[in-house]
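Undergrad: Structure: run-v5.cif, mmCIF, C-alpha atoms.
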data_my_file
#
loop_
_atom_site.label_atom_id
_atom_site.label_comp_id
_atom_site.auth_asym_id
_atom_site.auth_seq_id
_atom_site.Cartn_x
_atom_site.Cartn_y
_atom_site.Cartn_z
CA MET A 1 -15.98 -1.93 -10.03
CA LYS A 2 -16.76 1.62 -8.89
CA TYR A 3 -15.09 0.77 -5.56
CA TRP A 4 -11.77 0.00 -7.22
CA LEU A 5 -11.98 2.91 -9.69
CA THR A 6 -12.47 5.28 -6.78
CA ARG A 7 -9.43 3.82 -5.06
CA LEU A 8 -7.29 4.24 -8.18
CA ILE A 9 -8.29 7.89 -8.56
CA ILE A 10 -7.52 8.66 -4.92
CA LEU A 11 -4.21 6.78 -4.97
CA THR A 12 -2.99 8.55 -8.06
CA GLY A 13 -3.98 11.91 -6.67
CA LEU A 14 -2.35 11.28 -3.31
CA LEU A 15 1.02 10.08 -4.45
CA SER A 16 1.84 11.71 -7.75
CA PHE A 17 -0.46 14.40 -8.96
CA SER A 18 -1.15 16.19 -5.69
CA GLN A 19 2.30 17.76 -5.72
CA GLU A 20 2.67 21.33 -6.97
CA ASP A 21 4.40 21.57 -10.32
CA LYS A 22 7.64 23.20 -9.19
CA SER A 23 10.68 23.47 -11.41
CA SER A 24 12.05 19.97 -11.83
CA ASN A 25 13.55 17.71 -14.43
CA THR A 26 11.62 14.75 -15.76
CA TYR A 27 12.86 11.34 -16.85
CA PHE A 28 11.62 7.93 -17.90
CA ASP A 29 12.92 4.50 -16.99
CA LEU A 30 12.24 1.07 -18.44
CA ASN A 31 13.19 -2.09 -16.54
CA TYR A 32 12.99 -5.76 -17.49
CA PHE A 33 12.64 -8.16 -14.55
CA GLY A 34 12.62 -11.90 -13.99
CA GLY A 35 12.40 -13.93 -10.81
CA ASN A 36 10.41 -16.29 -8.63
CA ILE A 37 7.10 -16.41 -6.77
CA ALA A 38 7.81 -16.60 -3.04
CA LEU A 39 6.19 -19.57 -1.26
CA HIS A 40 4.58 -17.67 1.63
CA ASN A 41 1.67 -20.12 1.86
CA ASN A 42 1.63 -23.82 0.97
CA ASP A 43 -1.83 -23.37 -0.58
CA ILE A 44 -0.23 -21.75 -3.65
CA LEU A 45 2.47 -24.41 -4.16
CA HIS A 46 0.63 -25.84 -7.20
CA LEU A 47 0.61 -22.36 -8.81
CA ILE A 48 4.41 -21.96 -8.80
CA THR A 49 5.43 -23.59 -12.08
CA GLY A 50 7.77 -21.08 -13.74
CA HIS A 51 9.82 -17.92 -13.41
CA PRO A 52 7.66 -14.78 -13.77
CA GLU A 53 8.97 -12.00 -15.97
CA GLY A 54 7.81 -8.64 -17.22
CA PHE A 55 8.67 -4.96 -17.44
CA ILE A 56 8.25 -1.76 -15.42
CA PHE A 57 7.85 1.55 -17.27
CA SER A 58 7.92 4.75 -15.19
CA PHE A 59 7.60 8.50 -15.53
CA ASN A 60 9.43 10.51 -12.84
CA LYS A 61 9.68 14.13 -11.73
CA LYS A 62 12.67 15.27 -9.71
CA THR A 63 12.63 17.67 -6.77
CA PHE A 64 15.42 20.12 -5.97
CA GLY A 65 14.49 21.59 -2.59
CA ASN A 66 12.00 24.30 -3.49
CA GLU A 67 10.14 23.22 -0.34
CA ALA A 68 11.63 22.22 3.01
CA TRP A 69 10.19 18.68 2.94
CA GLU A 70 12.09 17.96 -0.29
CA GLN A 71 15.37 18.85 1.42
CA ARG A 72 14.56 16.84 4.54
CA PHE A 73 13.95 13.69 2.50
CA GLY A 74 17.02 14.04 0.29
CA TYR A 75 15.30 15.43 -2.85
CA PRO A 76 13.08 12.46 -3.78
CA ASP A 77 11.40 11.87 -7.15
CA TYR A 78 7.70 11.15 -7.59
CA GLY A 79 5.77 9.76 -10.51
CA ALA A 80 3.69 6.98 -12.04
CA SER A 81 4.54 3.42 -13.12
CA PHE A 82 3.05 0.74 -15.33
CA ILE A 83 3.93 -2.93 -14.69
CA TYR A 84 3.20 -5.93 -16.91
CA GLN A 85 3.96 -9.39 -15.52
CA ASP A 86 3.53 -12.88 -16.95
CA LEU A 87 3.21 -15.15 -13.90
CA LYS A 88 4.15 -18.24 -15.97
CA ASN A 89 1.19 -20.31 -14.85
CA GLU A 90 -1.98 -20.77 -16.88
CA LYS A 91 -4.11 -20.65 -13.72
CA LEU A 92 -2.62 -17.31 -12.63
CA GLY A 93 -2.37 -15.75 -16.09
CA ALA A 94 -0.83 -12.28 -16.45
CA SER A 95 -1.29 -8.96 -14.69
CA SER A 96 -1.09 -5.28 -15.63
CA GLY A 97 -0.91 -2.52 -13.02
CA LEU A 98 -0.85 1.26 -12.69
CA TYR A 99 0.97 2.77 -9.68
CA ALA A 100 1.96 6.04 -8.06
CA HIS A 101 5.46 6.01 -6.56
CA TYR A 102 8.24 7.85 -4.72
CA ASN A 103 12.00 7.39 -5.27
CA PHE A 104 14.30 8.01 -2.29
CA TYR A 105 18.09 8.29 -2.62
CA PHE A 106 21.10 7.24 -0.54
CA PHE A 107 24.92 7.10 -0.86
CA LYS A 108 25.38 10.23 -2.99
CA ARG A 109 22.27 9.34 -5.02
CA ASN A 110 23.81 6.12 -6.34
CA LEU A 111 21.28 3.94 -4.46
CA MET A 112 17.58 4.43 -5.17
CA PHE A 113 14.72 2.97 -3.14
CA ARG A 114 11.27 3.12 -4.77
CA ILE A 115 7.91 2.33 -3.23
CA GLY A 116 4.76 2.27 -5.35
CA GLN A 117 1.10 1.61 -4.64
CA GLY A 118 -1.69 1.04 -7.13
CA LEU A 119 -4.17 -1.28 -8.77
CA ALA A 120 -3.60 -4.24 -11.06
CA TYR A 121 -5.80 -6.25 -13.43
CA THR A 122 -5.31 -10.01 -13.58
CA THR A 123 -6.48 -11.98 -16.60
CA ASN A 124 -7.46 -15.23 -14.91
CA PRO A 125 -8.93 -14.98 -11.38
CA TYR A 126 -10.68 -17.72 -9.43
CA ASP A 127 -13.86 -19.15 -10.93
CA LYS A 128 -15.58 -22.14 -9.35
CA ILE A 129 -16.23 -23.65 -12.80
CA GLU A 130 -13.57 -22.33 -15.16
CA ASN A 131 -10.61 -21.79 -12.82
CA PRO A 132 -11.15 -23.37 -9.38
CA LYS A 133 -7.43 -23.92 -8.69
CA ASN A 134 -6.52 -20.22 -8.58
CA VAL A 135 -6.81 -19.65 -4.84
CA ALA A 136 -4.51 -16.61 -5.05
CA PHE A 137 -6.91 -14.10 -6.63
CA GLY A 138 -10.66 -13.93 -6.15
CA SER A 139 -11.24 -10.97 -8.49
CA HIS A 140 -9.91 -9.33 -11.65
CA ILE A 141 -8.99 -6.09 -9.83
CA LEU A 142 -6.23 -6.33 -7.24
CA SER A 143 -4.47 -4.04 -4.83
CA SER A 144 -0.76 -4.04 -5.57
CA THR A 145 2.42 -2.71 -3.96
CA TYR A 146 5.94 -2.84 -5.30
CA VAL A 147 9.35 -1.87 -3.98
CA MET A 148 12.59 -1.56 -5.88
CA LEU A 149 16.20 -1.17 -4.70
CA ASN A 150 18.52 -0.13 -7.52
CA TYR A 151 22.05 0.98 -8.18
CA LYS A 152 21.51 3.90 -10.54
CA LYS A 153 23.74 6.01 -12.75
CA GLU A 154 22.30 8.76 -14.94
CA HIS A 155 23.82 10.39 -18.06
CA VAL A 156 26.15 7.50 -18.79
CA PHE A 157 25.73 8.25 -22.49
CA ASP A 158 24.16 11.62 -23.27
CA HIS A 159 20.55 11.47 -21.96
CA PHE A 160 20.69 7.74 -21.23
CA GLY A 161 21.54 6.10 -17.91
CA PHE A 162 21.62 2.64 -16.35
CA GLN A 163 20.12 0.97 -13.28
CA THR A 164 19.89 -2.53 -11.85
CA GLY A 165 18.78 -4.17 -8.63
CA LEU A 166 16.00 -6.08 -6.88
CA SER A 167 12.23 -5.73 -7.00
CA LEU A 168 9.36 -7.16 -4.93
CA ILE A 169 5.84 -7.05 -6.42
CA HIS A 170 2.81 -7.93 -4.29
CA TYR A 171 -0.72 -8.67 -5.54
CA SER A 172 -3.77 -9.09 -3.31
CA ASN A 173 -7.42 -8.12 -3.31
CA ALA A 174 -7.26 -7.58 0.48
CA ASN A 175 -10.17 -9.93 1.13
CA VAL A 176 -12.62 -7.81 -0.82
CA ARG A 177 -13.57 -11.15 -2.38
CA ALA A 178 -12.43 -14.69 -1.50
CA PRO A 179 -10.16 -16.47 -2.21
CA ASN A 180 -7.22 -14.21 -1.47
CA THR A 181 -4.00 -16.11 -0.82
CA SER A 182 -2.06 -13.42 -2.80
CA VAL A 183 1.21 -13.63 -4.74
CA ASN A 184 4.64 -12.08 -4.11
CA THR A 185 7.24 -11.96 -6.87
CA ILE A 186 10.92 -11.47 -6.00
CA ALA A 187 12.89 -10.47 -9.07
CA LEU A 188 16.14 -9.12 -10.47
CA ASN A 189 15.70 -6.10 -12.72
CA ILE A 190 17.87 -4.23 -15.19
CA GLY A 191 16.97 -1.15 -17.14
CA LEU A 192 17.66 2.18 -18.80
CA THR A 193 16.82 5.75 -17.81
CA TYR A 194 16.23 8.64 -20.20
CA ASN A 195 16.45 12.24 -18.96
CA ILE A 196 14.44 14.86 -20.84
CA ASP A 197 16.86 17.64 -19.87
CA ASP A 198 20.56 17.82 -20.58
CA GLU A 199 21.55 18.22 -16.94
CA ASP A 200 20.02 18.60 -13.47
CA GLN A 201 19.35 21.88 -11.74
CA GLU A 202 21.24 22.87 -8.62
CA TYR A 203 19.96 21.45 -5.33
CA ILE A 204 18.73 24.08 -2.87
CA GLU A 205 19.99 23.87 0.72
CA ASN A 206 18.51 26.78 2.62
CA PHE A 207 15.95 25.49 5.12
CA ASN A 208 16.45 25.97 8.85
CA ASP A 209 15.40 22.72 10.52
CA GLU A 210 14.69 24.12 13.96
CA LYS A 211 13.35 21.91 16.71
CA PHE A 212 9.63 21.32 16.13
CA THR A 213 7.20 21.56 19.02
CA GLU A 214 3.45 20.99 19.05
CA PRO A 215 0.97 20.10 21.81
CA ILE A 216 -0.78 16.73 21.89
CA LYS A 217 -3.49 16.54 19.23
CA TYR A 218 -6.71 14.52 19.37
CA ASN A 219 -8.05 12.63 16.34
CA LEU A 220 -11.39 11.15 15.35
CA ALA A 221 -11.65 8.90 12.29
CA PHE A 222 -14.33 6.92 10.49
CA ARG A 223 -13.34 4.06 8.16
CA THR A 224 -15.41 1.83 5.92
CA GLY A 225 -15.28 -0.60 3.00
CA ILE A 226 -16.43 -4.08 1.99
CA ASN A 227 -14.88 -7.50 2.56
CA GLU A 228 -15.57 -11.22 2.70
CA SER A 229 -14.46 -14.05 4.95
CA ASP A 230 -12.18 -16.81 3.65
CA VAL A 231 -15.23 -18.99 2.99
CA ILE A 232 -15.65 -18.73 -0.79
CA GLY A 233 -19.12 -17.57 -1.74
CA SER A 234 -20.06 -16.40 1.75
CA GLY A 235 -20.78 -12.90 0.43
CA GLN A 236 -19.39 -9.38 0.63
CA PHE A 237 -20.49 -7.14 3.49
CA PRO A 238 -19.78 -3.55 4.53
CA PHE A 239 -17.78 -2.79 7.66
CA TYR A 240 -17.53 0.33 9.80
CA ILE A 241 -14.74 1.41 12.15
CA LEU A 242 -14.73 4.27 14.65
CA SER A 243 -11.33 5.40 15.93
CA ALA A 244 -10.26 7.91 18.58
CA TYR A 245 -6.61 8.56 19.35
CA ALA A 246 -4.06 11.10 20.51
CA ASP A 247 -0.82 11.91 18.73
CA LYS A 248 2.34 13.75 19.70
CA ARG A 249 4.70 15.20 17.09
CA LEU A 250 8.32 14.34 17.87
CA SER A 251 9.76 16.27 14.93
CA GLN A 252 8.83 17.81 11.59
CA THR A 253 8.53 14.32 10.12
CA SER A 254 7.48 12.00 12.93
CA ALA A 255 4.67 11.47 15.47
CA ILE A 256 3.58 8.70 17.84
CA GLN A 257 -0.05 7.68 18.45
CA PHE A 258 -2.16 5.91 21.05
CA GLY A 259 -5.86 5.19 20.74
CA THR A 260 -8.78 2.81 20.35
CA ASP A 261 -10.78 1.26 17.50
CA VAL A 262 -14.34 -0.06 17.56
CA PHE A 263 -15.00 -2.54 14.73
CA PHE A 264 -18.41 -3.34 13.25
CA SER A 265 -17.44 -6.14 10.82
CA ASN A 266 -20.60 -7.53 9.25
CA PHE A 267 -18.84 -10.39 7.48
CA LEU A 268 -18.27 -11.89 10.93
CA LYS A 269 -22.03 -12.24 11.41
CA GLU A 270 -22.17 -14.60 8.44
CA LEU A 271 -18.98 -16.39 9.50
CA ILE A 272 -20.26 -16.95 13.05
CA TYR A 273 -23.50 -18.44 11.73
CA TYR A 274 -21.61 -20.62 9.21
CA ARG A 275 -19.27 -21.98 11.88
CA SER A 276 -22.16 -22.69 14.25
CA VAL A 277 -24.04 -24.88 11.74
CA SER A 278 -21.14 -26.40 9.81
CA PHE A 279 -18.60 -27.16 12.55
CA PRO A 280 -20.37 -28.17 15.77
CA GLU A 281 -17.08 -29.46 17.16
CA GLU A 282 -15.84 -25.82 17.35
CA ASP A 283 -18.42 -25.03 20.05
CA VAL A 284 -19.70 -21.86 18.32
CA SER A 285 -23.26 -21.14 19.42
CA GLY A 286 -24.08 -18.57 16.73
CA ASP A 287 -24.95 -15.91 19.32
CA GLU A 288 -21.42 -14.53 19.65
CA ASP A 289 -21.06 -10.77 19.19
CA TYR A 290 -19.51 -9.74 15.86
CA LYS A 291 -18.14 -6.44 17.25
CA ARG A 292 -14.55 -5.99 18.45
CA VAL A 293 -12.69 -3.27 20.36
CA GLY A 294 -8.95 -2.72 20.15
CA LEU A 295 -6.21 -0.53 21.60
CA PHE A 296 -3.28 0.49 19.38
CA LEU A 297 0.10 2.19 19.29
CA GLY A 298 1.12 3.90 16.08
CA HIS A 299 3.64 5.99 14.22
CA GLU A 300 3.12 8.59 11.51
CA LEU A 301 5.77 9.70 9.01
CA PHE A 302 4.96 13.07 7.44
CA ILE A 303 5.94 13.76 3.82
CA ASN A 304 4.64 17.17 2.77
CA LYS A 305 0.80 17.04 2.93
CA MET A 306 0.90 13.24 3.03
CA SER A 307 1.88 10.79 5.72
CA ILE A 308 2.52 7.08 6.11
CA GLU A 309 0.72 5.58 9.09
CA THR A 310 1.57 2.30 10.84
CA GLN A 311 -0.27 0.89 13.86
CA LEU A 312 -0.09 -2.22 16.04
CA GLY A 313 -3.27 -3.10 17.90
CA TYR A 314 -4.62 -5.61 20.40
CA TYR A 315 -8.30 -6.56 20.85
CA ILE A 316 -9.49 -5.99 24.40
CA TYR A 317 -13.05 -7.02 23.50
CA TYR A 318 -12.87 -10.21 21.42
CA PRO A 319 -15.97 -12.44 21.76
CA PHE A 320 -15.31 -14.46 18.58
CA ASP A 321 -11.90 -15.84 17.65
CA PHE A 322 -10.87 -14.64 14.19
CA GLU A 323 -7.19 -14.66 13.18
CA GLY A 324 -5.86 -13.82 16.66
CA ARG A 325 -6.00 -10.86 19.04
CA THR A 326 -3.31 -8.66 17.46
CA TYR A 327 -3.77 -6.63 14.29
CA LEU A 328 -1.74 -4.35 12.06
CA ARG A 329 -2.68 -1.28 10.04
CA ILE A 330 -0.55 0.48 7.43
CA GLY A 331 -1.51 3.07 4.88
CA LEU A 332 -1.54 6.61 3.55
CA LYS A 333 -3.10 9.82 4.83
CA ARG A 334 -3.61 13.08 2.96
CA TYR A 335 -4.14 16.27 4.97
CA PHE A 336 -6.42 19.06 3.80
CA GLY A 337 -5.29 22.04 5.81
CA ASN A 338 -4.34 21.43 9.44
CA THR A 339 -7.59 19.81 10.58
CA PHE A 340 -9.09 17.36 8.06
CA PHE A 341 -7.61 14.25 6.46
CA GLY A 342 -8.48 11.34 4.22
CA ALA A 343 -6.89 7.92 4.55
CA MET A 344 -6.51 4.56 2.83
CA THR A 345 -5.19 1.77 5.00
CA LEU A 346 -4.76 -2.00 4.98
CA LYS A 347 -5.74 -3.90 8.11
CA SER A 348 -4.24 -7.34 8.58
CA HIS A 349 -3.46 -10.06 11.10
CA GLY A 350 0.20 -10.72 10.43
CA ALA A 351 0.57 -11.48 6.72
CA LYS A 352 -3.17 -12.15 6.31
CA ALA A 353 -5.19 -9.15 5.10
CA GLU A 354 -8.67 -8.52 6.50
CA ALA A 355 -9.73 -5.34 4.70
CA VAL A 356 -8.84 -2.22 2.76
CA GLU A 357 -10.18 0.75 4.72
CA PHE A 358 -11.22 4.16 3.33
CA GLY A 359 -11.35 6.81 6.01
CA ILE A 360 -11.96 10.44 6.82
CA GLY A 361 -11.07 12.25 10.01
CA VAL A 362 -10.29 15.38 11.98
CA ARG A 363 -7.21 16.35 13.99
CA LEU A 364 -8.02 18.80 16.77
#
Go ahead and render the structure in this file as C-alpha cells.
TA:
Amino acid sequence: MKYWLTRLIILTGLLSFSQEDKSSNTYFDLNYFGGNIALHNNDILHLITGHPEGFIFSFNKKTFGNEAWEQRFGYPDYGASFIYQDLKNEKLGASSGLYAHYNFYFFKRNLMFRIGQGLAYTTNPYDKIENPKNVAFGSHILSSTYVMLNYKKEHVFDHFGFQTGLSLIHYSNANVRAPNTSVNTIALNIGLTYNIDDEDQEYIENFNDEKFTEPIKYNLAFRTGINESDVIGSGQFPFYILSAYADKRLSQTSAIQFGTDVFFSNFLKELIYYRSVSFPEEDVSGDEDYKRVGLFLGHELFINKMSIETQLGYYIYYPFDFEGRTYLRIGLKRYFGNTFFGAMTLKSHGAKAEAVEFGIGVRL
C-alpha cells in the first residue's frame, strides 16, 4: 500500500501542484459519461456485460503566458480530477480515481485535449475464492490514465459553460500483481463548466523564441519497483534497471535520445524455474540467465520543469524469451535544477505492461 501511496503523492506533485501559483483564473467542470469496454483481449469477453457510466469532476487553473513555456504550449490549464465509474459487471464492480491533468487547446480554444494520470481504487479485484473470474484487476489499487477530447464553450450563460466529446479511461495495475488484463472504457461525455471569475485575463505574448542550441548531454539513471509474472500467485519481486544514454536538444521543447538499459528482473528467475518444471515441452532448462540488455531510441518533450519521455528498445542480450525482443517505455520526468531528475515510467511489450518504474538520474 505504501508503494501506491508514494506514487500518488509524486504524481500529484509532478503534474498539478508543482507549478508556481501565478495569476490565473480557476474553474470547475463536471462531466457525465457513458460508453463501452473495448475488447482488447478475448480473456475479458465474459466481463463485458453492460455499458459503463460515471462522472468526471475537475478543478482547473488557467495560464496566461507569465512564463515562456505557457506561451509555447498555447496557454494550457492544469489541475486535478476525480472519476467515478460503474463498470456494469458484478465481477468488475466500480472504480474511483484521483488524477492530475493538463488541458491543451486548439482551433481558437474551442477544442480541448486533456490527459490525466493517477491512481484508482476498484471495489472487486481478483480473488481465487471470492472472485476468480476477474482476470482484469489483480489488486484494489490501479494505475489509471485518461484522455478527453472536447468541444468547449465557456461563459455561455454568466459563469456557466458547456463541453462535450469523447473520453478514454484506462485501468491497469501494470503487473504489480497478477492477473492484469486491464480495462479500457471508450465513452461519450457531456458536461458543464463553471468559472470562478467573471472573465479571463489578457494573454501575454512577449517571449522571443530564438533558436535553441545545447551540446550533447549524457545521462545516467537508476530505476526500480516490484512486479509479478502472469502466473497468478507466483509472487512479487523487486527489479533494478541501470540506464546510460545521450540526448541532443533539437529545440526548447524537444530532444532525441540513444542509449542502453541493463535489466535485473527477479520475477524472471521464478518464471524460468516454473517453466522448466511445469512445461518440459518448452525446452527450458532452468539455468537461463534472467538478465537482459537493450538498446533504445527515445524522444523527450519538455513542459516547464517536467517532460514526457517515450522510448523504443530492442534486447541485444535476451537469453530467455519473454514477450518478445522489443519494448516500449513512456512516462514523466521532473527536473530539479539542470542536473538531477526523478522519473515514473511504464515499461511494456506492445499493449502488455511489464512494470511501473520509479527512477532517479543525472544529466551531465
Undergrad: Record the distance separating CA of Lys248 in chain A and CA of Gly74 in chain A, expressed in Å with one decimal.
TA: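 Rounded to one decimal, the two atoms are 24.3 Å apart.
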Undergrad: Measuring atom to atom with all atoms listed in the file, identify which of A:Gln257, A:Ser143, A:Asn150, A:Asn180 is nearest to Ile216 in chain A.
TA: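 Under the stated criterion, the closest residue is A:Gln257.
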Undergrad: Could you pull the residues within 6 Å of range 325-338 of chain A, counting all atoms listed in the file, minus those fewer than 5 positions along the same chain, as a VMD selection string?
TA: chain A and resid 305 to 315 343 to 349
Undergrad: Would you put the residues from that selection into a file with C-alpha atoms, as a compact mmCIF listing (two decimals), in the coordinates of the input?
TA:
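Generated output (selection-v6.txt):
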# COMPACT_ATOMS: atom_id res chain seq x y z
CA LYS A 305 0.80 17.04 2.93
CA MET A 306 0.90 13.24 3.03
CA SER A 307 1.88 10.79 5.72
CA ILE A 308 2.52 7.08 6.11
CA GLU A 309 0.72 5.58 9.09
CA THR A 310 1.57 2.30 10.84
CA GLN A 311 -0.27 0.89 13.86
CA LEU A 312 -0.09 -2.22 16.04
CA GLY A 313 -3.27 -3.10 17.90
CA TYR A 314 -4.62 -5.61 20.40
CA TYR A 315 -8.30 -6.56 20.85
CA ALA A 343 -6.89 7.92 4.55
CA MET A 344 -6.51 4.56 2.83
CA THR A 345 -5.19 1.77 5.00
CA LEU A 346 -4.76 -2.00 4.98
CA LYS A 347 -5.74 -3.90 8.11
CA SER A 348 -4.24 -7.34 8.58
CA HIS A 349 -3.46 -10.06 11.10
Undergrad: Run through the PyMOL selection byres ((chain A and resi 53) around 10) on the given coordinates and return the selected residues as a ChimeraX atom specification.
TA: /A:32-36,50-52,54-55,84-88,94,185,187-189
Undergrad: Go through A:Pro179, A:Pro280, A:Gly165, A:Gly191 and flag the residue nearest Ser139 in chain A, using only C-alpha atoms for the distances.
TA: A:Pro179
Undergrad: Hey, what comes out of the PyMOL selection byres ((chain A and resi 40) around 12) on this file? Could you write it as a VMD selection string?
TA: chain A and resid 36 to 39 41 to 45 48 136 170 181 to 186 351 to 352
Undergrad: How far is it from CA of Met148 in chain A to CA of His101 in chain A, in Å with one decimal?
TA: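 CA of Met148 in chain A sits 10.4 Å away from CA of His101 in chain A.
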Undergrad: Can you give me, as a PDB file with C-alpha atoms, keeping the file's coordinate frame, the residues this file yields under the PyMOL selection byres ((chain A and resi 265) around 9)?
TA:
ATOM      1  CA  ASN A 227     -14.880  -7.500   2.560  1.00  0.00           C
ATOM      2  CA  PHE A 237     -20.490  -7.140   3.490  1.00  0.00           C
ATOM      3  CA  PRO A 238     -19.780  -3.550   4.530  1.00  0.00           C
ATOM      4  CA  PHE A 239     -17.780  -2.790   7.660  1.00  0.00           C
ATOM      5  CA  TYR A 240     -17.530   0.330   9.800  1.00  0.00           C
ATOM      6  CA  ILE A 241     -14.740   1.410  12.150  1.00  0.00           C
ATOM      7  CA  PHE A 263     -15.000  -2.540  14.730  1.00  0.00           C
ATOM      8  CA  PHE A 264     -18.410  -3.340  13.250  1.00  0.00           C
ATOM      9  CA  ASN A 266     -20.600  -7.530   9.250  1.00  0.00           C
ATOM     10  CA  PHE A 267     -18.840 -10.390   7.480  1.00  0.00           C
ATOM     11  CA  LEU A 268     -18.270 -11.890  10.930  1.00  0.00           C
ATOM     12  CA  LYS A 269     -22.030 -12.240  11.410  1.00  0.00           C
ATOM     13  CA  TYR A 290     -19.510  -9.740  15.860  1.00  0.00           C
ATOM     14  CA  LYS A 291     -18.140  -6.440  17.250  1.00  0.00           C
ATOM     15  CA  ARG A 292     -14.550  -5.990  18.450  1.00  0.00           C
TER      16      ARG A 292
END
Undergrad: Which one of A:Lys217, A:Arg363, A:Arg177, A:Lys62 sits closest to His140 in chain A if you count only C-alpha atoms?
TA: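 Among A:Lys217, A:Arg363, A:Arg177, A:Lys62, it is A:Arg177 that comes nearest to His140 in chain A.
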Undergrad: (7.3, 1.5, -5.2) in this file's frame - what residues fall within 9 Å of it? Use only C-alpha atoms and give the answer as a PyMOL selection string.
TA: chain A and resi 81+99-103+113-117+145-148+167-169
Undergrad: Quick one: pull the distance between CA of Lys61 in chain A and CA of Leu111 in chain A, Å, one decimal.
TA: 17.1 Å
Undergrad: Using all atoms listed in the file, which protein or nucleic acid residues come within 8 Å of Arg223 in chain A? Drop anything in the same chain fewer than 5 positions from it, and give the result as number ranges by chain.
TA: A: 240-242, 357-360
Undergrad: When distances are computed from all atoms listed in the file, which of A:Met112, A:Ile226, A:Ile303, A:Leu297 shows the smallest separation from Phe258 in chain A?
TA: A:Leu297
Undergrad: Pick from A:Ile129, A:Val356, A:Ala120, A:Gly324: nearest to Leu142 in chain A, with only C-alpha atoms counted?
TA: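 Under the stated criterion, the closest residue is A:Ala120.
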Undergrad: Residues within 12 Å of Asn25 in chain A, please, as a list in words. Count only C-alpha atoms; anything in the same chain fewer than 5 positions from it doesn't count.
TA: Phe59, Asn60, Lys61, Lys62, Thr63, Phe64, Tyr75, Pro76, Asp77, Tyr78, Gly79, Tyr194, Asn195, Ile196, Asp197, Asp198, Glu199, Asp200, Gln201, Glu202 and Tyr203 of chain A
Undergrad: Please produce an output containing C-alpha atoms for each residue in the selection, written as a compact mmCIF listing (two decimals), in the frame of the given file.
TA:
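Everything below was put into again_2.txt:
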# COMPACT_ATOMS: atom_id res chain seq x y z
CA PHE A 59 7.60 8.50 -15.53
CA ASN A 60 9.43 10.51 -12.84
CA LYS A 61 9.68 14.13 -11.73
CA LYS A 62 12.67 15.27 -9.71
CA THR A 63 12.63 17.67 -6.77
CA PHE A 64 15.42 20.12 -5.97
CA TYR A 75 15.30 15.43 -2.85
CA PRO A 76 13.08 12.46 -3.78
CA ASP A 77 11.40 11.87 -7.15
CA TYR A 78 7.70 11.15 -7.59
CA GLY A 79 5.77 9.76 -10.51
CA TYR A 194 16.23 8.64 -20.20
CA ASN A 195 16.45 12.24 -18.96
CA ILE A 196 14.44 14.86 -20.84
CA ASP A 197 16.86 17.64 -19.87
CA ASP A 198 20.56 17.82 -20.58
CA GLU A 199 21.55 18.22 -16.94
CA ASP A 200 20.02 18.60 -13.47
CA GLN A 201 19.35 21.88 -11.74
CA GLU A 202 21.24 22.87 -8.62
CA TYR A 203 19.96 21.45 -5.33
Undergrad: Which of these residues is nearest to Lys128 in chain A, using only C-alpha atoms: A:Leu166, A:Ile232, A:Leu220, A:Lys152?
TA: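 Distance minimum relative to Lys128 in chain A lands on A:Ile232.
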Undergrad: Find the residues near Leu192 in chain A: any atom within 12 Å, counting only C-alpha atoms, skip ones fewer than 4 places away on the same chain, and give them as an mmCIF file with C-alpha atoms, in the coordinates of the input.
TA:
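Wrote result18.cif, looks like this:
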data_model
loop_
_atom_site.group_PDB
_atom_site.id
_atom_site.type_symbol
_atom_site.label_atom_id
_atom_site.label_comp_id
_atom_site.auth_asym_id
_atom_site.auth_seq_id
_atom_site.Cartn_x
_atom_site.Cartn_y
_atom_site.Cartn_z
ATOM 1 C CA TYR A 27 12.860 11.340 -16.850
ATOM 2 C CA PHE A 28 11.620 7.930 -17.900
ATOM 3 C CA ASP A 29 12.920 4.500 -16.990
ATOM 4 C CA LEU A 30 12.240 1.070 -18.440
ATOM 5 C CA ASN A 31 13.190 -2.090 -16.540
ATOM 6 C CA TYR A 32 12.990 -5.760 -17.490
ATOM 7 C CA PHE A 55 8.670 -4.960 -17.440
ATOM 8 C CA ILE A 56 8.250 -1.760 -15.420
ATOM 9 C CA PHE A 57 7.850 1.550 -17.270
ATOM 10 C CA SER A 58 7.920 4.750 -15.190
ATOM 11 C CA ASN A 150 18.520 -0.130 -7.520
ATOM 12 C CA TYR A 151 22.050 0.980 -8.180
ATOM 13 C CA LYS A 152 21.510 3.900 -10.540
ATOM 14 C CA LYS A 153 23.740 6.010 -12.750
ATOM 15 C CA GLU A 154 22.300 8.760 -14.940
ATOM 16 C CA HIS A 155 23.820 10.390 -18.060
ATOM 17 C CA VAL A 156 26.150 7.500 -18.790
ATOM 18 C CA PHE A 157 25.730 8.250 -22.490
ATOM 19 C CA HIS A 159 20.550 11.470 -21.960
ATOM 20 C CA PHE A 160 20.690 7.740 -21.230
ATOM 21 C CA GLY A 161 21.540 6.100 -17.910
ATOM 22 C CA PHE A 162 21.620 2.640 -16.350
ATOM 23 C CA GLN A 163 20.120 0.970 -13.280
ATOM 24 C CA THR A 164 19.890 -2.530 -11.850
#
Undergrad: Would you mind putting back N, CA and C atoms on range 339-344 of chain A, then writing it out as a short mmCIF file (atom, residue, chain, number, x, y, z; two decimals), in the frame of the given file?
TA:
data_model
loop_
_atom_site.label_atom_id
_atom_site.label_comp_id
_atom_site.auth_asym_id
_atom_site.auth_seq_id
_atom_site.Cartn_x
_atom_site.Cartn_y
_atom_site.Cartn_z
N THR A 339 -6.56 20.46 9.76
CA THR A 339 -7.59 19.81 10.58
C THR A 339 -8.12 18.52 9.97
N PHE A 340 -8.40 18.50 8.68
CA PHE A 340 -9.09 17.36 8.06
C PHE A 340 -8.11 16.47 7.29
N PHE A 341 -8.43 15.18 7.23
CA PHE A 341 -7.61 14.25 6.46
C PHE A 341 -8.45 13.14 5.87
N GLY A 342 -7.94 12.56 4.80
CA GLY A 342 -8.48 11.34 4.22
C GLY A 342 -7.43 10.25 4.32
N ALA A 343 -7.85 9.00 4.35
CA ALA A 343 -6.89 7.92 4.55
C ALA A 343 -7.31 6.68 3.79
N MET A 344 -6.32 5.91 3.36
CA MET A 344 -6.51 4.56 2.83
C MET A 344 -5.53 3.64 3.54
#
